[in-house]
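Text of final_18.cif, listed as mmCIF, C-alpha atoms and all ligand atoms:
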data_work
#
loop_
_atom_site.label_atom_id
_atom_site.label_comp_id
_atom_site.auth_asym_id
_atom_site.auth_seq_id
_atom_site.Cartn_x
_atom_site.Cartn_y
_atom_site.Cartn_z
CA MET K 1 10.36 -14.82 26.58
CA ILE K 2 6.67 -14.25 27.04
CA ASN K 3 6.97 -13.84 30.76
CA SER K 4 9.92 -11.49 30.54
CA THR K 5 8.37 -9.11 28.06
CA THR K 6 6.57 -6.19 29.60
CA ASP K 7 4.69 -3.46 27.89
CA ASP K 8 7.45 -0.91 27.82
CA THR K 9 9.76 -3.33 26.08
CA THR K 10 7.47 -4.15 23.17
CA VAL K 11 8.15 -1.16 20.96
CA ALA K 12 8.48 -3.35 17.89
CA ASN K 13 5.02 -4.79 18.33
CA PRO K 14 2.09 -2.91 16.81
CA PRO K 15 -1.02 -2.37 18.91
CA ARG K 16 -3.37 -5.27 18.84
CA PRO K 17 -6.32 -4.91 16.51
CA PRO K 18 -9.71 -4.67 18.17
CA SER K 19 -11.07 -8.09 18.87
CA SER K 20 -14.46 -9.02 17.53
CA THR K 21 -15.02 -11.37 20.43
CA PRO K 22 -15.58 -10.40 24.04
CA PRO K 23 -12.85 -11.17 26.58
CA SER K 24 -12.86 -14.85 27.39
CA ILE K 25 -13.84 -16.03 30.81
CA ALA K 26 -10.80 -17.26 32.68
CA PRO K 27 -10.56 -21.03 33.05
CA SER K 28 -11.75 -21.98 36.50
CA THR K 29 -9.01 -24.54 37.00
CA SER K 30 -6.03 -22.21 36.99
CA VAL K 31 -7.27 -18.77 37.96
CA GLU K 32 -7.64 -18.00 41.62
CA ILE K 33 -8.44 -14.35 41.28
CA PRO K 34 -12.00 -13.14 41.00
CA GLU K 35 -12.24 -10.67 38.17
CA THR K 36 -14.71 -7.88 37.84
CA SER K 37 -16.92 -8.44 34.86
CA PRO K 38 -16.77 -6.02 31.93
CA THR K 39 -20.03 -4.50 33.04
CA THR K 40 -19.06 -4.05 36.68
CA ALA K 41 -15.52 -2.66 36.43
CA ALA K 42 -16.83 0.55 37.97
CA VAL K 43 -14.54 2.69 40.07
CA THR K 44 -16.12 2.97 43.48
CA THR K 45 -13.11 3.86 45.60
CA THR K 46 -13.66 5.87 48.73
CA THR K 47 -10.40 7.31 49.92
CA SER K 48 -11.18 9.61 52.82
CA ASN K 49 -8.38 9.19 55.36
CA ALA K 50 -7.14 6.27 53.33
CA VAL K 51 -3.94 4.35 53.83
CA VAL K 52 -2.36 2.20 51.18
CA VAL K 53 -0.01 -0.58 52.22
CA VAL K 54 3.14 -0.68 50.09
CA ALA K 55 5.69 -3.48 50.13
CA CYS K 56 9.07 -1.79 50.50
CA ARG K 57 11.79 -2.51 47.98
CA ASP K 58 13.72 -4.51 50.53
CA ALA K 59 10.60 -6.51 51.35
CA TRP K 60 10.00 -7.72 47.79
CA GLY K 61 13.68 -8.23 47.12
CA ALA K 62 14.47 -5.35 44.79
CA SER K 63 18.01 -4.94 43.60
CA PRO K 64 19.55 -1.52 44.20
CA ALA K 65 19.00 1.07 41.48
CA SER K 66 22.08 2.00 39.53
CA THR K 67 23.56 5.47 39.72
CA ALA K 68 22.19 6.33 36.28
CA LEU K 69 18.89 7.60 37.67
CA VAL K 70 17.81 10.97 36.25
CA GLU K 71 16.00 13.49 38.43
CA HIS K 72 12.71 14.94 37.28
CA THR K 73 9.64 16.61 38.74
CA PRO K 74 6.44 14.57 38.41
CA GLY K 75 3.76 16.66 36.72
CA GLN K 76 1.35 14.16 35.23
CA LEU K 77 -0.17 10.80 36.13
CA THR K 78 0.36 7.92 33.74
CA LEU K 79 -0.97 4.41 33.85
CA HIS K 80 0.56 1.21 32.45
CA HIS K 81 -0.05 -2.50 32.55
CA THR K 82 2.59 -5.21 32.45
CA ALA K 83 0.84 -6.86 29.49
CA VAL K 84 1.39 -10.24 31.11
CA ARG K 85 -1.56 -12.11 32.56
CA GLN K 86 -1.40 -12.60 36.29
CA THR K 87 -3.25 -15.72 37.34
CA THR K 88 -2.32 -16.25 40.98
CA LEU K 89 -2.06 -13.74 43.78
CA SER K 90 0.99 -15.36 45.35
CA GLU K 91 3.23 -14.53 42.40
CA GLY K 92 3.04 -10.74 42.85
CA PRO K 93 6.43 -10.32 44.56
CA ALA K 94 8.18 -12.74 42.20
CA ARG K 95 6.79 -10.87 39.24
CA ALA K 96 8.02 -7.57 40.66
CA ARG K 97 11.51 -9.07 40.92
CA ARG K 98 11.27 -10.48 37.40
CA HIS K 99 10.18 -7.15 35.91
CA GLN K 100 13.03 -5.36 37.64
CA ARG K 101 15.59 -7.93 36.51
CA PHE K 102 14.37 -7.66 32.94
CA HIS K 103 14.34 -3.87 32.95
CA GLN K 104 17.85 -3.71 34.38
CA SER K 105 18.98 -6.26 31.78
CA LEU K 106 17.97 -3.68 29.17
CA GLY K 107 20.42 -1.24 30.71
CA TRP K 108 17.76 0.70 32.60
CA PRO K 109 18.82 1.75 36.09
CA ASP K 110 15.81 0.27 37.89
CA LEU K 111 12.26 -0.98 37.47
CA ALA K 112 10.74 1.35 34.89
CA TYR K 113 7.79 2.32 37.09
CA HIS K 114 7.36 4.17 40.37
CA PHE K 115 4.80 1.69 41.73
CA LEU K 116 3.47 -1.71 40.75
CA VAL K 117 -0.03 -2.81 41.77
CA ASP K 118 -0.81 -6.50 41.58
CA ARG K 119 -4.18 -8.16 41.23
CA ALA K 120 -4.56 -8.59 44.97
CA GLY K 121 -4.39 -4.81 45.26
CA MET K 122 -0.93 -5.05 46.80
CA ALA K 123 1.39 -2.17 45.99
CA TYR K 124 5.12 -2.57 45.44
CA GLN K 125 7.55 0.31 45.81
CA GLY K 126 9.36 0.82 42.52
CA ARG K 127 11.69 3.51 41.31
CA ASP K 128 11.84 6.57 43.52
CA ALA K 129 9.28 9.00 42.07
CA ARG K 130 11.85 11.80 42.13
CA PHE K 131 13.57 10.04 39.24
CA ARG K 132 12.38 9.68 35.68
CA GLY K 133 11.06 6.31 34.55
CA ASP K 134 12.06 4.40 31.45
CA THR K 135 10.36 3.14 28.33
CA GLY K 136 11.20 1.31 25.15
CA THR K 137 8.46 3.23 23.35
CA GLU K 138 8.76 6.62 21.75
CA TYR K 139 7.44 8.90 24.48
CA ASP K 140 9.61 10.81 26.94
CA PRO K 141 8.72 9.70 30.49
CA THR K 142 10.21 12.85 32.02
CA GLY K 143 7.59 14.33 34.35
CA HIS K 144 5.39 11.23 34.32
CA PHE K 145 4.45 9.59 37.62
CA LEU K 146 4.17 5.96 36.58
CA VAL K 147 1.91 3.33 38.08
CA CYS K 148 1.88 -0.09 36.45
CA MET K 149 -0.97 -2.50 37.02
CA GLU K 150 -0.03 -6.17 36.92
CA GLY K 151 -1.93 -8.01 34.21
CA ASP K 152 -2.88 -7.92 30.56
CA PHE K 153 -5.98 -5.79 30.27
CA ASP K 154 -6.47 -6.56 26.63
CA ALA K 155 -7.09 -10.12 27.84
CA GLN K 156 -8.42 -9.83 31.39
CA GLN K 157 -10.25 -7.42 33.65
CA PRO K 158 -8.65 -5.47 36.51
CA THR K 159 -9.79 -6.48 39.98
CA SER K 160 -11.67 -4.06 42.22
CA ALA K 161 -8.85 -4.21 44.78
CA GLN K 162 -6.33 -3.37 42.10
CA ILE K 163 -8.32 -0.38 40.89
CA ASP K 164 -8.79 0.80 44.46
CA THR K 165 -5.07 0.71 45.25
CA THR K 166 -4.21 2.37 41.95
CA VAL K 167 -6.58 5.24 42.70
CA ARG K 168 -5.07 5.65 46.16
CA ILE K 169 -1.49 5.77 44.93
CA PHE K 170 -2.37 8.33 42.28
CA ALA K 171 -4.29 10.33 44.88
CA TRP K 172 -1.22 10.28 47.10
CA ALA K 173 1.00 11.43 44.23
CA ALA K 174 -1.45 14.14 43.19
CA ARG K 175 -1.14 15.77 46.60
CA GLU K 176 2.53 14.98 47.10
CA PHE K 177 3.61 16.57 43.83
CA GLY K 178 0.74 18.98 43.20
CA ILE K 179 -0.54 17.15 40.12
CA ASP K 180 -4.08 17.59 38.83
CA ALA K 181 -6.11 14.40 38.49
CA SER K 182 -7.13 15.52 35.01
CA THR K 183 -3.61 14.73 33.80
CA LEU K 184 -4.28 11.01 34.18
CA ALA K 185 -3.75 9.19 30.91
CA GLY K 186 -2.72 5.80 29.67
CA HIS K 187 0.60 5.01 28.08
CA GLY K 188 -1.29 4.65 24.81
CA ASN K 189 -2.05 8.38 24.87
CA TYR K 190 1.64 9.04 24.33
CA ALA K 191 2.99 6.14 22.31
CA VAL K 192 1.94 3.49 19.84
CA THR K 193 0.85 0.84 22.31
CA SER K 194 -2.41 -0.59 23.59
CA CYS K 195 -1.06 -0.16 27.16
CA PRO K 196 -2.71 -0.18 29.70
CA GLY K 197 -5.10 -2.45 27.78
CA ALA K 198 -8.66 -1.86 26.69
CA ALA K 199 -10.32 -2.83 29.96
CA VAL K 200 -8.32 -0.22 31.89
CA THR K 201 -8.16 2.42 29.17
CA ASN K 202 -11.96 2.43 29.13
CA ILE K 203 -12.18 3.39 32.81
CA ILE K 204 -9.42 6.03 32.91
CA PRO K 205 -12.01 8.85 33.16
CA ASP K 206 -13.58 7.09 36.15
CA ILE K 207 -10.19 6.59 37.80
CA ALA K 208 -9.37 10.26 37.24
CA GLU K 209 -12.67 11.24 38.83
CA ALA K 210 -11.99 9.03 41.84
CA ILE K 211 -8.55 10.61 42.23
CA ALA K 212 -10.07 14.08 42.06
CA ASP K 213 -12.67 13.15 44.67
CA SER K 214 -10.14 11.56 47.00
CA GLY K 215 -9.21 12.84 50.40
CA PRO K 216 -5.66 12.59 51.71
CA VAL K 217 -3.97 9.23 51.29
CA ALA K 218 -1.03 8.04 53.34
CA LEU K 219 1.46 5.44 52.17
CA ASP K 220 2.21 2.73 54.72
CA LEU K 221 5.62 1.52 53.56
CA VAL K 222 6.15 -1.88 55.13
CA CYS K 223 9.87 -2.52 55.41
CA GLY K 224 12.41 -4.62 57.27
CA PRO K 225 11.30 -7.77 59.11
CA GLU K 226 7.66 -6.69 58.93
CA GLY K 227 7.96 -6.28 55.18
CA ALA K 228 9.64 -9.67 54.87
CA ASP K 229 6.76 -11.22 56.79
CA LEU K 230 4.23 -9.47 54.57
CA VAL K 231 5.86 -10.73 51.39
CA ALA K 232 6.31 -14.22 52.83
CA ALA K 233 2.60 -14.31 53.61
CA ILE K 234 1.73 -13.26 50.05
CA GLU K 235 4.07 -15.83 48.53
CA SER K 236 2.72 -18.63 50.69
CA GLY K 237 -0.75 -17.84 49.40
ZN ZN S 301 2.96 1.07 29.30
#
Take the structure I supplied and represent it as structure tokens, if you would.
Amino acid sequence: MINSTTDDTTVANPPRPPSSTPPSIAPSTSVEIPETSPTTAAVTTTTSNAVVVVACRDAWGASPASTALVEHTPGQLTLHHTAVRQTTLSEGPARARRHQRFHQSLGWPDLAYHFLVDRAGMAYQGRDARFRGDTGTEYDPTGHFLVCMEGDFDAQQPTSAQIDTTVRIFAWAAREFGIDASTLAGHGNYAVTSCPGAAVTNIIPDIAEAIADSGPVALDLVCGPEGADLVAAIESG
């Protein structure tokens, strides 16, 4: 069950108490992803004329959304984590499929989030942003544009590539929907949860600043055979 429990499904779990020990260094034998250290998780994204590559739903193997989607108008930027450690880059697409399966098993119409960003900085197209997300926690996601970063940021650090892509997607949404970067907040601002984890929560002001400073960002949705090739390349490592 550990791997099928994501942050928005853990309403019964209280937030974790602050740890008195610093985050452990990942074991070198099983972790292939370089992590930014706690002191260097700075947001340095430059997004002038930026493009962010997004794996289309068909590319990562999403199931269709049900007809129970509810329209809304995005008006604020909200950040989540999956609360599950990601240790290898190649598992990004499989994890996207797993999250969607689990969320739909809860009776939700689709993946809860509008975009997923894995630790390689790869973006996955989630629920259409014109439709409200879902949560098992007590806040109302109506109006929230939801980006979920893959990983457990109470236990690991985000990667620079992951932060960069997250900034770009939010910068795209800010222009697309006319949302001010200052609305950026973590899930924990709205509900009793540590999401998106301490290591990301601590840099939300920096991410918001990078979004505000961003130029236009275009989404490069990679679909069809090209998308299949992209995902196959990721999964083959
Ligand atoms: Zn969350």
Nearby residues, ligand ZN 301 (chain S), 10 Å, only C-alpha atoms and all ligand atoms, as an MDAnalysis selection string: chainID K and resid 6:10 78:83 112:113 134:137 146:149 186:197
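Checking K:Gln100, K:Thr201, K:Ser90, K:Gln162 one by one against K:Ala233, counting all atoms listed in the file, you find the shortest gap at K:Ser90.
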What is the atom CA of K:Ser66-atom CA of K:Val222 distance in Å, reported with one decimal?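 We find that atom CA of K:Ser66 and atom CA of K:Val222 lie 22.6 Å from each other.
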Considering all atoms listed in the file, state which residue in the set K:Ala174, K:Ala96, K:Ala212, K:Val43 is at the smallest distance from K:Thr159.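 Of K:Ala174, K:Ala96, K:Ala212, K:Val43, the one nearest K:Thr159 is K:Val43, counting all atoms listed in the file.
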Please compute the atom CA of K:Thr142-atom CA of K:Trp108 distance, one decimal, in Å.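 Value for the atom CA of K:Thr142-atom CA of K:Trp108 distance: 14.3 Å.
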Please compute the atom CA of K:Glu176-atom CA of K:Thr73 distance, one decimal, in Å.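 These atoms are spaced 11.1 Å apart.
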Using only C-alpha atoms for the distances, tell me which of K:Ala161, K:Val70, K:Ala181, K:Ala50 is nearest to K:Ala123. K:Ala161
Contact residues around K:Leu69 with only C-alpha atoms at 12 Å, ignoring same-chain residues under 5 positions, as a PyMOL selection string: chain K and resi 64+104+107-112+127-134+142
Saved selection, atoms kept: C-alpha atoms, as a short mmCIF file (atom, residue, chain, number, x, y, z; two decimals), keeping the file's coordinate frame:
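As a result, again_28.cif now contains:
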data_model
loop_
_atom_site.label_atom_id
_atom_site.label_comp_id
_atom_site.auth_asym_id
_atom_site.auth_seq_id
_atom_site.Cartn_x
_atom_site.Cartn_y
_atom_site.Cartn_z
CA PRO K 64 19.55 -1.52 44.20
CA GLN K 104 17.85 -3.71 34.38
CA GLY K 107 20.42 -1.24 30.71
CA TRP K 108 17.76 0.70 32.60
CA PRO K 109 18.82 1.75 36.09
CA ASP K 110 15.81 0.27 37.89
CA LEU K 111 12.26 -0.98 37.47
CA ALA K 112 10.74 1.35 34.89
CA ARG K 127 11.69 3.51 41.31
CA ASP K 128 11.84 6.57 43.52
CA ALA K 129 9.28 9.00 42.07
CA ARG K 130 11.85 11.80 42.13
CA PHE K 131 13.57 10.04 39.24
CA ARG K 132 12.38 9.68 35.68
CA GLY K 133 11.06 6.31 34.55
CA ASP K 134 12.06 4.40 31.45
CA THR K 142 10.21 12.85 32.02
#
Nearest-residue call for K:Asp152, choices K:Gln76, K:Ser63, K:Ser236, K:Gln86, using all atoms listed in the file: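 Smallest distance to K:Asp152 is found for K:Gln86.
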Neighbour list for K:Val167 as an MDAnalysis selection string, cut-off 12 Å, only C-alpha atoms, skip fewer than 4 positions in-chain: chainID K and resid 43:48 50:52 77:79 115 117 121 123 147:149 160:163 171:174 181 184 203:217
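Take the candidates K:Phe170, K:Phe153, K:Phe102, K:Phe145 and check each one against K:His72 using all atoms listed in the file; the shortest distance goes to K:Phe145.
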Output, as JSON, the centre and edge lengths in Å (one decimal) of the axis-aligned box that contains all listed atoms of stretch 226-233 of chain K with 3 Å of margin on each side.
{"center_x": 6.1, "center_y": -10.3, "center_z": 55.2, "size_x": 13.0, "size_y": 14.0, "size_z": 13.5}
Which residue is closest to K:Thr165? Choose from K:Ala185, K:Ala62, K:Ile179, K:Leu116 and count all atoms listed in the file.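 Selected residue with least distance to K:Thr165: K:Leu116.
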